[in-house]
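Below is one structure, written out as C-alpha cells; the observations come after it.
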Amino acid sequence: MTAPAIELKGISKAFGPVQANKDISISVQPGTIHGIIGENGAGKSTLMSILYGFYKADAGEIFIKGQKTLIPDSQAAIRAGIGMVFQHFKLVENFTVLENIILGAEDGAMLNSSLGNARKELKHLAEEYGLNVDPDEVIENLSVGHQQRVEILKALYRKAEILILDEPTGVLTPAEADQLFRILDRLREEGKTIILITHKLREIMEYTDTVSVMRRGEMTATVKTAETSPEHLAELMVGRKVLLRVDKKPAEPGATVLDIKGLRVVDEAGVERVKGIDLTVRAGEIVGIAGVAGNGQSELLEVLGGFADGTGTITMNGAEIPLSGHGADGQARRAAGISHVPEDRQREGLIMEFAAWENTVFGYHHSPEIQNGLLMDNKGIYTEAEAKMQRFDVRPPDPKLAAKNFSGGNQQKIVLAREIERNPDLLLIGQPTRGVDIGAIEFIHQQVVNLRDQGKAILLVSVELEEILSLADRVVVMFDGHITGERDAAQTNEKELGLLMAGITDTSAVANGNGGNDTTQQEVPADG
Amino acid sequence: MDFLTLLQVLDTSVRLATPLLLACLAGLYSERSGVVDIGLEGKMLAAAFFSAAVAFYSGSAWVGLLAGVGASVALAVIHGLASVTFRGNQLISGVAINFLAAGMTVLVAQSWFRQGGRTPPLEGDARFNPIELPFAIGPKDAEAAGKPLSQMISEAGPLQQFYSELISGHSSLVYLALLTVPLTWWLLFRTRFGLRLRAVGENPAAVDTAGVSVVWLRYAAVLICGVLCGVAGAYLSSALQAGFVKDMTAGRGFIALAALIFAKWRPVYALWACLLFGLFQALELRPDIIENVSGIKVQVQLLGALPYILTVVILAGFVGKAIPPKASAEPYIKER
C-alpha cells in the first residue's frame with residue numbers, strides 16, 4: 001500500500017475552555033475523495049484550518065506522503081501541496097480571474113511576466129480538467145459556480161495535490177453542483193486527493209470513497225462509504241437516532257390566508273427583483289419557495305415582512321395590506337397576523353449582543369401584556385423567556401446569555417419561539433435550518449409542521465431542495481423574479497425542480513413517471 | 001484676463017496643489033491597503049514643524065526634509081499600531097493624531113524658539129528654492145539684461161512665457177510630487193507589490209489565504225503614507241512658505257481626502273483632482289480675477305468650500321459612483 005496522501009496523528013486544539021479538536025487521527029489515501037461530515041461546531045473547520053496553517057495545533061503531527069510536515073502558515077501548506085476552497089470564496093471581487101490566480105504566487109516583482117505565464121498555465125489546466133473560465137473576466141461578473149472554479153484553479157495553479165473543499169455546494173444550483181462533482185471526479189482520476197467537508201449526507205453517499213464522522217471535536221468513525229447508510233451516518237453525527245424525513249400527515253388546506261397578485265419589487269440599485277408574481281397560501285398548508293439564492297425570494301419575504309416596498313396587491317385574510325409608505329412596516333404586518341423568521345437571523349432576527357430574554361420580545365414591545373405602567377415588565381419578560389426556552393429546548397437554557405453565544409440552531413429556536421408563540425395566521429420562514437445542526441433541524445421542522453396542523457398558513461423559503469421537498473406541501477419555484485412552476489411536493493423530484501430553478505419550464509423528461517405529463521402540471525387543491 | 005495673468009494663476013495653482021497631491025497620494029496608499037487615514041492633516045503639520053525647525057538649526061532644507069519625514073513616519077507608526085496591530089478604530093486613531101500634532105507642534109515651537117508657536121523665518125539653503133530649468137527666463141537672466149524679471153517675461157513670446165512662468169521656477173519638491181504620480185500608477189498596477197496592496201484593501205482574507213502577510217502589507221502602505229505626508233509637510237514650511245506657523249496645514253489634509261474620493265482612489269485622477277482644488281485655492285487668493293472675467297463678485301469662502309461641495313456631489317453618485325476599497329476601515333481578523 002502506498003503512503004497516505006495525508007495522515008494526521010493525535011491532533012488536539014483548544015480555544016480557551018472549548019476543546020475544538022480532541023486527539024484526532026485520520027489517514028487519507030491518495031487518489032480518493034474523502035468526506036468529512038459532522039454537525040456545526042463538531043470541529044471540521046478547525047481541523048482543516050490546522051491543515052491549512054491557519055491555526056497551530058496544541059498537539060499532534062501531520063504527515064504528507066509519509067513525510068512529517070510542519071505547517072505553521074498558509075504558505076507552508078501551499079508548499080506542501082495543499083489547496084483549500086473555502087465556503088466563502090477568498091477572491092478579490094474587482095480583480096480579473098488572472099489577477100486572482102497569481103495573487104501571492106507571482107513569478108517575480110513585475111506583473112507582466114506573471115500574467116503571461118498564468119494565462120498559458122490556465123489554458124493548459126482548462127484543457128486538462130475541463131475548467132473553463134474567461135481569464136480576463138472580472139470576478140464580480142462571474143456566476144457563483146464559475147467563481148468556485150477560479151478557487152479550484154487557484155489551488156491547481158499552486159500545484160496542489162490535495163484539495164480541501166469546505167461545504168462547496170451550499171451556494172450552487174443542483175446543475176452546478178453536478179458539474180462540480182464531475183470536475184472533482186476528473187481530478188481524482190488524475191491522482192489528486194480530495195477532502196470534501198459537507199453536512200449533506202446525499203453528497204457523501206454519492207461521491208465519496210471513504211467518510212469520516214466528527215462529533216464534538218472527536219473523530220467518531222471512519223468508514224468506507226459503500227459500507228454505510230445515511231441513517232447510520234446521521235446517528236454517528238448526532239449520537240442518537242435521527243429522523244431524516246419529516247413526519248407529517250397530508251395537508252388539509254382551508255381558506256386562503258395570503259393572496260398575492262402582480263407583485264413587483266425594485267431594489268435599491270433600481271433592479272427589478274420580483275417581476276410580477278401571483279401566489280396564494282392557504283390555512284393549514286406549507287408553501288415552499290425553491291430557487292437558487294438571489295432570484296427574488298428574499299425580496300418577496302422582505303415585502304411581506306414589511307421592510308421593503310413593492311407594487312401590486314396583497315391581501316391578508318381578505319383585507320388588503322399596504323406595500324409602501326405608512327402602514328407597510330413590520331409593526332403593521334405583525335398586527336395583520338404575519339410573523340416572520342427572517343433568512344438572516346443574525347442580522348434581522350436577533351440582536352447578537354443582547355441577552356436571549358431581550359431577544360424574545362423584539363418587535364412585540366408594544367404588546368400590552370409586557371407593559372407595566374410606563375415601563376416594560378422586564379421581570380415578566382424574563383420569566384416568560386425562561387419558559388419559552390424550555391419549551392423550545394434552547395441550550396443552554398440561560399436567558400441572560402447574549403444571543404451571539406448560542407449555536408446557530410439554538411439562535412434559530414429563540415427566533416422561532418418568539419414568532420410562533422405569537423400565534424400568527426401566517427408564518428414567513430426563510431432558510432429555517434441554514435447553519436443549524438441535524439438534531440436541531442428535526443426539532444425546527446417539527447415545530448413548523450405542528451403550526452401547520454393548527455391550521456396556520458406557512459410560507460417557506462429555502463435554498464435547500466431537500467428541505468423544501470420534505471417540509472412543503474406545495475412547491476413554487478422562482479427564477480429571475482418570476483415563478484417558473486408550481487408542483488405538488490409529493491409528486492415532484494429534485495431533478496424536475498432543478499430544471500425549474502434554472503428557468504427551464506419543460507420538465508416532462510424528468511418528471512415522476514406515475515401518470516405521465518399530468519402530474520407535472522400544477523396540482524392546486526380547490527379552495528375549501 | 002490676459003495670457004500672462006492666466007499663467008500666473010496656474011503657476012500658483014501648481015504650487016498650492018503640490019501639498020494636496022502629496023497628501024492625496026499618501027492617503028491613496030493607505031486606503032488602497034484598507035487603512036483609512038484622516039490623520040493626513042496631523043502628519044503634515046508635524047512634518048511641517050520638524051522640517052522647518054531642523055532646517056533652521058542645520059541650515060539645510062534637505063536635512064529638514066528628513067526630520068519632517070521622520071516625524072510624519074513616527075505618527076504613521078502610531079496609526080499602524082492602533083489600526084493594524086491592535087485592530088482599533090481607524091477614525092479615532094486618525095482624529096487623535098490630528099489633535100496630537102496640532103498641540104505638540106505649537107508647544108515644542110514655543111519651547112524651542114519662544115516666538116509664539118512659530119519657527120524663525122528660513123533663509124537661503126534652509127529653504128527649497130526655485131529651480132531654473134534650462135532656457136527659461138529667470139532672475140539671473142533679468143540681472144544680466146538689467147531689466148526687471150516681470151518686464152522680461154512680459155516681453156517674451158507666449159511659448160517662452162508658458163515655459164518660464166508655469167513649467168520652470170518651482171522647487172524640486174514640486175517636480176518630485178509630479179513624478180510620484182506615474183510612479184504610484186506603475187507601482188500599483190504593474191508590480192507584485194501593487195497587486196497585493198490593492199488586494200489587501202479589497203479582501204484581506206484572499207491575501208491571507210494566499211500565504212501573504214496582511215499585517216506587513218498594511219504597515220508598508222501606512223509607512224509610505226507617512227513618508228509622503230512628511231514631504232508634503234516639509235514643502236509647506238520650507239518651500240511654499242519660509243517657516244512654520246501654527247496650524248499652517250489649514251485643512252489641506254482634509255481637502256486631500258476629498259480629492260482622493262473625487263479621484264476615485266486612482267493616482268492619475270488624483271493629479272487632476274488636486275490641480276483643480278489647487279486652482280480653487282489660487283483663485284481664493286485672487287478673487288479680483290473672477291470678478292474681472294465673469295463680472296460676478298464671488299465670495300472667497302465659497303471657493304474655499306468648493307472642494308468639499310464637489311466631493312459631496314461625487315459621493316452622492318452624480319458623476320459616476322466613487323466606490324472605496326471594500327475593506328477600508330475594517331481591521332482584519334482571521335475568522336474561526
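Following the order of the C-alpha cells, first chain is A, next is B, and so on, with residues numbered from 1 inside each chain and ligands from 1 in the order they appear.
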
Among range 254-335 of chain B, which residues does DSSP mark as helix (DSSP H, G or I) when it is run on the backbone? Keep the chain and numbering as in the structure and answer as a CSV table (one decimal) with N, CA, C and O atoms, in the first residue's frame.
chain,number,residue,atom,x,y,z
B,254,PHE,N,-7.6,67.4,4.8
B,254,PHE,CA,-9.0,67.0,4.6
B,254,PHE,C,-9.3,67.3,3.1
B,254,PHE,O,-10.1,66.5,2.5
B,255,ILE,N,-8.8,68.4,2.6
B,255,ILE,CA,-9.0,68.6,1.1
B,255,ILE,C,-8.4,67.5,0.3
B,255,ILE,O,-8.9,67.0,-0.7
B,256,ALA,N,-7.2,67.0,0.8
B,256,ALA,CA,-6.6,65.9,0.1
B,256,ALA,C,-7.4,64.6,0.1
B,256,ALA,O,-7.6,63.9,-0.8
B,257,LEU,N,-8.1,64.4,1.3
B,257,LEU,CA,-9.0,63.2,1.4
B,257,LEU,C,-10.2,63.4,0.4
B,257,LEU,O,-10.6,62.5,-0.2
B,258,ALA,N,-10.7,64.7,0.4
B,258,ALA,CA,-11.8,64.9,-0.6
B,258,ALA,C,-11.3,64.7,-2.0
B,258,ALA,O,-12.0,64.1,-2.8
B,259,ALA,N,-10.1,65.1,-2.3
B,259,ALA,CA,-9.5,64.9,-3.7
B,259,ALA,C,-9.4,63.4,-3.9
B,259,ALA,O,-9.6,62.9,-5.0
B,260,LEU,N,-9.1,62.6,-2.9
B,260,LEU,CA,-8.9,61.2,-3.0
B,260,LEU,C,-10.2,60.5,-3.5
B,260,LEU,O,-10.3,59.6,-4.3
B,261,ILE,N,-11.3,61.0,-2.8
B,261,ILE,CA,-12.6,60.5,-3.2
B,261,ILE,C,-13.0,60.9,-4.6
B,261,ILE,O,-13.5,60.1,-5.4
B,262,PHE,N,-12.7,62.2,-4.8
B,262,PHE,CA,-13.0,62.8,-6.1
B,262,PHE,C,-12.3,62.0,-7.2
B,262,PHE,O,-12.8,61.8,-8.3
B,267,PRO,N,-4.4,57.1,-9.0
B,267,PRO,CA,-3.3,58.1,-9.0
B,267,PRO,C,-3.4,59.2,-10.0
B,267,PRO,O,-3.2,60.4,-9.7
B,268,VAL,N,-3.7,58.9,-11.3
B,268,VAL,CA,-3.7,59.9,-12.3
B,268,VAL,C,-4.9,60.9,-12.1
B,268,VAL,O,-4.8,62.1,-12.2
B,269,TYR,N,-6.1,60.3,-11.7
B,269,TYR,CA,-7.2,61.2,-11.4
B,269,TYR,C,-6.9,62.1,-10.2
B,269,TYR,O,-7.3,63.2,-10.1
B,270,ALA,N,-6.1,61.5,-9.3
B,270,ALA,CA,-5.7,62.3,-8.1
B,270,ALA,C,-4.9,63.6,-8.5
B,270,ALA,O,-5.2,64.6,-8.0
B,271,LEU,N,-4.1,63.4,-9.6
B,271,LEU,CA,-3.4,64.6,-10.1
B,271,LEU,C,-4.3,65.7,-10.5
B,271,LEU,O,-4.3,66.8,-10.1
B,272,TRP,N,-5.3,65.3,-11.3
B,272,TRP,CA,-6.3,66.2,-11.9
B,272,TRP,C,-7.1,66.8,-10.7
B,272,TRP,O,-7.3,68.0,-10.7
B,273,ALA,N,-7.5,66.0,-9.8
B,273,ALA,CA,-8.4,66.5,-8.7
B,273,ALA,C,-7.6,67.5,-7.9
B,273,ALA,O,-8.1,68.6,-7.6
B,274,CYS,N,-6.3,67.2,-7.6
B,274,CYS,CA,-5.5,68.1,-6.8
B,274,CYS,C,-5.2,69.4,-7.5
B,274,CYS,O,-5.2,70.5,-7.0
B,275,LEU,N,-5.0,69.3,-8.9
B,275,LEU,CA,-4.8,70.6,-9.6
B,275,LEU,C,-6.0,71.4,-9.6
B,275,LEU,O,-6.0,72.6,-9.5
B,276,LEU,N,-7.2,70.8,-9.7
B,276,LEU,CA,-8.4,71.5,-9.7
B,276,LEU,C,-8.6,72.2,-8.4
B,276,LEU,O,-8.9,73.4,-8.3
B,277,PHE,N,-8.4,71.5,-7.3
B,277,PHE,CA,-8.6,72.0,-6.0
B,277,PHE,C,-7.5,73.1,-5.7
B,277,PHE,O,-7.8,74.1,-5.0
B,278,GLY,N,-6.3,72.9,-6.3
B,278,GLY,CA,-5.3,73.9,-6.2
B,278,GLY,C,-5.7,75.2,-6.9
B,278,GLY,O,-5.4,76.3,-6.4
B,279,LEU,N,-6.4,75.0,-8.0
B,279,LEU,CA,-6.9,76.2,-8.8
B,279,LEU,C,-7.9,77.0,-7.9
B,279,LEU,O,-7.8,78.2,-7.9
B,280,PHE,N,-8.8,76.3,-7.2
B,280,PHE,CA,-9.7,76.9,-6.4
B,280,PHE,C,-9.0,77.8,-5.3
B,280,PHE,O,-9.3,78.9,-5.0
B,281,GLN,N,-7.9,77.1,-4.7
B,281,GLN,CA,-7.2,77.9,-3.7
B,281,GLN,C,-6.5,79.1,-4.3
B,281,GLN,O,-6.4,80.1,-3.6
B,282,ALA,N,-6.0,78.9,-5.5
B,282,ALA,CA,-5.3,80.1,-6.1
B,282,ALA,C,-6.3,81.2,-6.4
B,282,ALA,O,-5.9,82.4,-6.2
B,283,LEU,N,-7.5,80.8,-6.8
B,283,LEU,CA,-8.5,81.9,-7.1
B,283,LEU,C,-8.9,82.5,-5.8
B,283,LEU,O,-9.3,83.7,-5.8
B,284,GLU,N,-8.9,81.8,-4.7
B,284,GLU,CA,-9.2,82.3,-3.4
B,284,GLU,C,-8.3,83.5,-3.1
B,284,GLU,O,-8.7,84.5,-2.5
B,285,LEU,N,-7.1,83.4,-3.6
B,285,LEU,CA,-6.1,84.5,-3.3
B,285,LEU,C,-6.3,85.7,-4.3
B,285,LEU,O,-5.9,86.8,-4.0
B,287,PRO,N,-9.5,86.9,-5.9
B,287,PRO,CA,-10.9,87.0,-6.2
B,287,PRO,C,-11.2,88.0,-7.3
B,287,PRO,O,-12.2,87.9,-8.0
B,288,ASP,N,-10.3,89.0,-7.4
B,288,ASP,CA,-10.5,90.0,-8.4
B,288,ASP,C,-10.5,89.5,-9.8
B,288,ASP,O,-11.2,90.0,-10.7
B,289,ILE,N,-9.8,88.3,-10.1
B,289,ILE,CA,-9.7,87.8,-11.4
B,289,ILE,C,-11.1,87.2,-11.8
B,289,ILE,O,-11.6,87.5,-12.9
B,290,ILE,N,-11.8,86.6,-10.9
B,290,ILE,CA,-13.1,86.0,-11.2
B,290,ILE,C,-14.0,87.2,-11.5
B,290,ILE,O,-14.8,87.1,-12.5
B,291,GLU,N,-13.9,88.2,-10.7
B,291,GLU,CA,-14.8,89.3,-10.9
B,291,GLU,C,-14.6,90.0,-12.3
B,291,GLU,O,-15.5,90.3,-13.0
B,292,ASN,N,-13.3,90.1,-12.7
B,292,ASN,CA,-13.0,90.7,-14.0
B,292,ASN,C,-13.5,89.8,-15.1
B,292,ASN,O,-14.0,90.3,-16.1
B,293,VAL,N,-13.3,88.5,-15.0
B,293,VAL,CA,-13.7,87.6,-16.1
B,293,VAL,C,-15.2,87.4,-16.2
B,293,VAL,O,-15.8,87.6,-17.3
B,294,SER,N,-15.9,87.2,-15.1
B,294,SER,CA,-17.3,86.9,-15.2
B,294,SER,C,-18.2,88.0,-14.9
B,294,SER,O,-19.4,88.0,-15.2
B,300,VAL,N,-15.2,84.7,-1.4
B,300,VAL,CA,-13.9,83.9,-1.3
B,300,VAL,C,-14.2,82.6,-0.6
B,300,VAL,O,-13.7,81.5,-1.0
B,301,GLN,N,-15.1,82.7,0.4
B,301,GLN,CA,-15.4,81.5,1.2
B,301,GLN,C,-16.0,80.4,0.4
B,301,GLN,O,-15.8,79.2,0.6
B,302,LEU,N,-16.7,80.8,-0.6
B,302,LEU,CA,-17.4,79.8,-1.5
B,302,LEU,C,-16.3,79.0,-2.2
B,302,LEU,O,-16.4,77.8,-2.3
B,303,LEU,N,-15.3,79.7,-2.7
B,303,LEU,CA,-14.2,78.9,-3.4
B,303,LEU,C,-13.5,78.0,-2.4
B,303,LEU,O,-13.2,76.8,-2.8
B,304,GLY,N,-13.4,78.4,-1.1
B,304,GLY,CA,-12.8,77.5,-0.2
B,304,GLY,C,-13.6,76.3,0.1
B,304,GLY,O,-13.1,75.2,0.4
B,305,ALA,N,-14.9,76.5,-0.1
B,305,ALA,CA,-15.8,75.3,0.2
B,305,ALA,C,-16.0,74.4,-1.0
B,305,ALA,O,-16.5,73.3,-0.9
B,306,LEU,N,-15.6,74.9,-2.2
B,306,LEU,CA,-15.9,74.2,-3.4
B,306,LEU,C,-15.4,72.7,-3.4
B,306,LEU,O,-16.1,71.8,-3.8
B,307,PRO,N,-14.1,72.5,-2.9
B,307,PRO,CA,-13.7,71.1,-3.0
B,307,PRO,C,-14.6,70.2,-2.2
B,307,PRO,O,-14.9,69.1,-2.7
B,308,TYR,N,-15.1,70.7,-1.1
B,308,TYR,CA,-16.0,69.8,-0.3
B,308,TYR,C,-17.3,69.6,-0.9
B,308,TYR,O,-17.9,68.5,-0.9
B,309,ILE,N,-17.8,70.7,-1.5
B,309,ILE,CA,-19.1,70.6,-2.2
B,309,ILE,C,-19.0,69.6,-3.4
B,309,ILE,O,-19.9,68.7,-3.5
B,310,LEU,N,-17.9,69.7,-4.1
B,310,LEU,CA,-17.8,68.8,-5.3
B,310,LEU,C,-17.7,67.4,-4.8
B,310,LEU,O,-18.2,66.4,-5.4
B,311,THR,N,-17.0,67.2,-3.6
B,311,THR,CA,-16.8,65.8,-3.1
B,311,THR,C,-18.2,65.2,-2.7
B,311,THR,O,-18.5,64.1,-2.9
B,312,VAL,N,-19.0,66.1,-2.1
B,312,VAL,CA,-20.4,65.6,-1.7
B,312,VAL,C,-21.1,65.2,-3.0
B,312,VAL,O,-21.8,64.1,-3.0
B,313,VAL,N,-21.0,66.0,-4.1
B,313,VAL,CA,-21.7,65.7,-5.3
B,313,VAL,C,-21.2,64.3,-5.8
B,313,VAL,O,-22.0,63.5,-6.2
B,314,ILE,N,-19.9,64.1,-5.8
B,314,ILE,CA,-19.3,62.9,-6.3
B,314,ILE,C,-19.8,61.7,-5.4
B,314,ILE,O,-20.2,60.7,-5.9
B,315,LEU,N,-19.8,61.9,-4.1
B,315,LEU,CA,-20.2,60.8,-3.2
B,315,LEU,C,-21.7,60.5,-3.4
B,315,LEU,O,-22.1,59.3,-3.3

* For chain A, report every residue with an atom at most 10 Å from chain B (counting only C-alpha atoms), formatted as a PyMOL selection string. => chain A and resi 45-46+49+52-55+73-79+83-86+88-95+99-112+114+154-155+158

* To do: Quote the spacing between CA of Ala17 in chain B and CA of Gly80 in chain B in Å to one decimal place.
  =>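 Interatomic distance, CA of Ala17 in chain B to CA of Gly80 in chain B: 26.9 Å.
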
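With only C-alpha atoms as the atoms that count, the minimum distance from Ser150 in chain B to the choices B:Ile137, B:Leu240, B:Val77, B:Met248 is reached by B:Ile137.
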
Cut-off 10 Å: closest range 163-270 of chain B/range 105-124 of chain B atom pairs per residue, using only C-alpha atoms, as CSV:
residue,atom,partner,partner_atom,distance
B:Ser237,CA,B:Leu122,CA,8.8
B:Ser238,CA,B:Leu122,CA,7.1
B:Ala239,CA,B:Leu122,CA,9.5
B:Gln241,CA,B:Leu122,CA,8.7
B:Ala242,CA,B:Leu122,CA,5.0
B:Gly243,CA,B:Pro121,CA,4.9
B:Phe244,CA,B:Thr119,CA,5.2
B:Val245,CA,B:Arg118,CA,4.6
B:Lys246,CA,B:Gly117,CA,6.1
B:Asp247,CA,B:Val106,CA,8.4
B:Met248,CA,B:Arg118,CA,9.9

Filtering to C-alpha atoms, could you give me those residues as a PDB file, in the first residue's frame?
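In the end it all went to part12.pdb:
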ATOM      1  CA  SER B 237       7.048  75.146   5.718  1.00  0.00           C
ATOM      2  CA  SER B 238      10.259  75.215   3.735  1.00  0.00           C
ATOM      3  CA  ALA B 239       9.191  75.691   0.121  1.00  0.00           C
ATOM      4  CA  GLN B 241       6.405  79.370   2.896  1.00  0.00           C
ATOM      5  CA  ALA B 242       9.527  80.242   4.828  1.00  0.00           C
ATOM      6  CA  GLY B 243       8.986  78.799   8.259  1.00  0.00           C
ATOM      7  CA  PHE B 244       6.364  77.114  10.392  1.00  0.00           C
ATOM      8  CA  VAL B 245       3.313  78.891  11.766  1.00  0.00           C
ATOM      9  CA  LYS B 246       0.567  77.467  13.970  1.00  0.00           C
ATOM     10  CA  ASP B 247      -1.979  75.276  12.123  1.00  0.00           C
ATOM     11  CA  MET B 248      -0.338  76.043   8.814  1.00  0.00           C
TER      12      MET B 248
END

* Asked: Which residues come within 9 Å of Thr225 in chain A, counting only C-alpha atoms, excluding same-chain residues fewer than 4 positions away, as a list of chain:residue names?
  ->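 Returned residues: A:Gly35, A:Ile204, A:Met205, A:Glu206, A:Tyr207, A:Thr208, A:Asp209, A:Thr210, A:Val211, A:Ser229.
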
Those selected residues, please, written with C-alpha atoms and delivered as a compact mmCIF listing (two decimals), in the first residue's frame.
# COMPACT_ATOMS: atom_id res chain seq x y z
CA GLY A 35 -15.68 13.03 3.03
CA ILE A 204 -21.26 11.94 0.98
CA MET A 205 -23.16 8.84 -0.11
CA GLU A 206 -22.97 9.64 -3.81
CA TYR A 207 -19.47 10.95 -4.35
CA THR A 208 -17.03 9.91 -1.63
CA ASP A 209 -14.89 6.79 -1.32
CA THR A 210 -14.45 6.98 2.43
CA VAL A 211 -16.08 9.10 5.06
CA SER A 229 -26.01 4.26 5.06

* All strand (DSSP E or B) positions in range 184-429 of chain A, as a ChimeraX atom specification -> /A:193-198,210-215,218-224,256-266,272-282,286-290,311-316,319-320,338-341,355,371-372,375-376,402,426-429

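As for CA of Met44 in chain B and CA of Pro19 in chain B, they are spaced 8.8 Å apart.
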
* **Atom pair CA of Gly276 in chain A / CA of Arg264 in chain A: separation (Å)** =>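 Here the two named atoms are 4.8 Å from each other.
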
* Asked: Which residues, written as a ChimeraX atom specification, have at least one atom at most 10 Å from Arg182 in chain A, with only C-alpha atoms counted and residues fewer than 4 positions away on the same chain left out?
  -> /A:129-130,176-178,186-188,207

Could the residues in this selection be written to a file with all heavy atoms, as a compact mmCIF listing (two decimals), in the first residue's frame?
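So the final result, stored in result24.txt, reads:
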# COMPACT_ATOMS: atom_id res chain seq x y z
N TYR A 129 -8.63 19.60 -17.17
CA TYR A 129 -9.67 19.26 -16.20
C TYR A 129 -11.06 19.76 -16.58
O TYR A 129 -12.00 19.63 -15.81
CB TYR A 129 -9.32 19.83 -14.83
CG TYR A 129 -8.00 19.33 -14.30
CD1 TYR A 129 -6.92 20.17 -14.18
CD2 TYR A 129 -7.86 17.99 -13.92
CE1 TYR A 129 -5.70 19.71 -13.70
CE2 TYR A 129 -6.66 17.52 -13.44
CZ TYR A 129 -5.57 18.38 -13.33
OH TYR A 129 -4.39 17.92 -12.86
N GLY A 130 -11.18 20.38 -17.75
CA GLY A 130 -12.49 20.91 -18.14
C GLY A 130 -12.92 22.08 -17.28
O GLY A 130 -14.10 22.24 -16.97
N GLU A 176 -25.12 23.05 -11.21
CA GLU A 176 -23.74 23.48 -10.96
C GLU A 176 -23.04 22.50 -10.04
O GLU A 176 -21.85 22.21 -10.21
CB GLU A 176 -23.73 24.88 -10.31
CG GLU A 176 -23.95 26.01 -11.30
CD GLU A 176 -24.05 27.37 -10.60
OE1 GLU A 176 -24.60 27.45 -9.49
OE2 GLU A 176 -23.59 28.35 -11.18
N ALA A 177 -23.78 21.98 -9.06
CA ALA A 177 -23.19 21.01 -8.14
C ALA A 177 -22.77 19.75 -8.90
O ALA A 177 -21.70 19.20 -8.67
CB ALA A 177 -24.18 20.68 -7.03
N ASP A 178 -23.64 19.32 -9.81
CA ASP A 178 -23.30 18.14 -10.62
C ASP A 178 -22.01 18.38 -11.40
O ASP A 178 -21.14 17.52 -11.47
CB ASP A 178 -24.43 17.82 -11.61
CG ASP A 178 -25.57 17.09 -10.92
OD1 ASP A 178 -25.35 16.65 -9.76
OD2 ASP A 178 -26.65 16.98 -11.51
N ARG A 186 -12.82 14.03 -12.18
CA ARG A 186 -11.72 14.15 -13.12
C ARG A 186 -10.40 14.36 -12.36
O ARG A 186 -9.38 13.74 -12.68
CB ARG A 186 -12.02 15.36 -14.01
CG ARG A 186 -11.11 15.54 -15.17
CD ARG A 186 -11.69 14.90 -16.42
NE ARG A 186 -10.93 15.34 -17.58
CZ ARG A 186 -11.39 16.24 -18.45
NH1 ARG A 186 -12.59 16.74 -18.31
NH2 ARG A 186 -10.65 16.58 -19.49
N LEU A 187 -10.44 15.21 -11.34
CA LEU A 187 -9.24 15.47 -10.55
C LEU A 187 -8.78 14.20 -9.86
O LEU A 187 -7.60 13.91 -9.77
CB LEU A 187 -9.52 16.56 -9.52
CG LEU A 187 -9.69 17.97 -10.07
CD1 LEU A 187 -10.25 18.91 -9.01
CD2 LEU A 187 -8.37 18.52 -10.58
N ARG A 188 -9.75 13.42 -9.38
CA ARG A 188 -9.39 12.17 -8.70
C ARG A 188 -8.72 11.21 -9.68
O ARG A 188 -7.73 10.57 -9.36
CB ARG A 188 -10.65 11.54 -8.10
CG ARG A 188 -10.40 10.12 -7.60
CD ARG A 188 -11.55 9.58 -6.83
NE ARG A 188 -12.80 9.63 -7.60
CZ ARG A 188 -13.96 9.21 -7.13
NH1 ARG A 188 -14.04 8.73 -5.91
NH2 ARG A 188 -15.05 9.26 -7.87
N TYR A 207 -20.73 10.60 -3.69
CA TYR A 207 -19.47 10.95 -4.35
C TYR A 207 -18.20 10.54 -3.61
O TYR A 207 -17.13 10.61 -4.18
CB TYR A 207 -19.41 12.46 -4.60
CG TYR A 207 -20.54 12.95 -5.47
CD1 TYR A 207 -21.58 13.68 -4.93
CD2 TYR A 207 -20.56 12.67 -6.84
CE1 TYR A 207 -22.62 14.14 -5.73
CE2 TYR A 207 -21.59 13.11 -7.64
CZ TYR A 207 -22.63 13.85 -7.08
OH TYR A 207 -23.65 14.29 -7.87

* Nearest to Phe362 in chain A: which of A:Val266, A:Ile420, A:Val415, A:Ala319 is it, counting only C-alpha atoms? ->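 Result for the nearest residue to Phe362 in chain A: A:Val415.
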
* To do: Find the residues around Ile131 in chain B up to 10 Å (only C-alpha atoms counted), leave out those fewer than 4 positions away in its own chain, and share them as a PyMOL selection string.
  => chain B and resi 138+168-175

* To do: May I have the residues within 9 Å of Gln446 in chain A as a PyMOL selection string, using only C-alpha atoms and disregarding those fewer than 4 positions away in the same chain?
  => chain A and resi 246-248+441-442+450-451

* Asked: Pick the closest to Ser470 in chain A from A:Gly325, A:Gly435, A:Ala255, A:Arg245: which is it, counting only C-alpha atoms?
  ->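 Checking each candidate against Ser470 in chain A, we get A:Arg245 as the closest.
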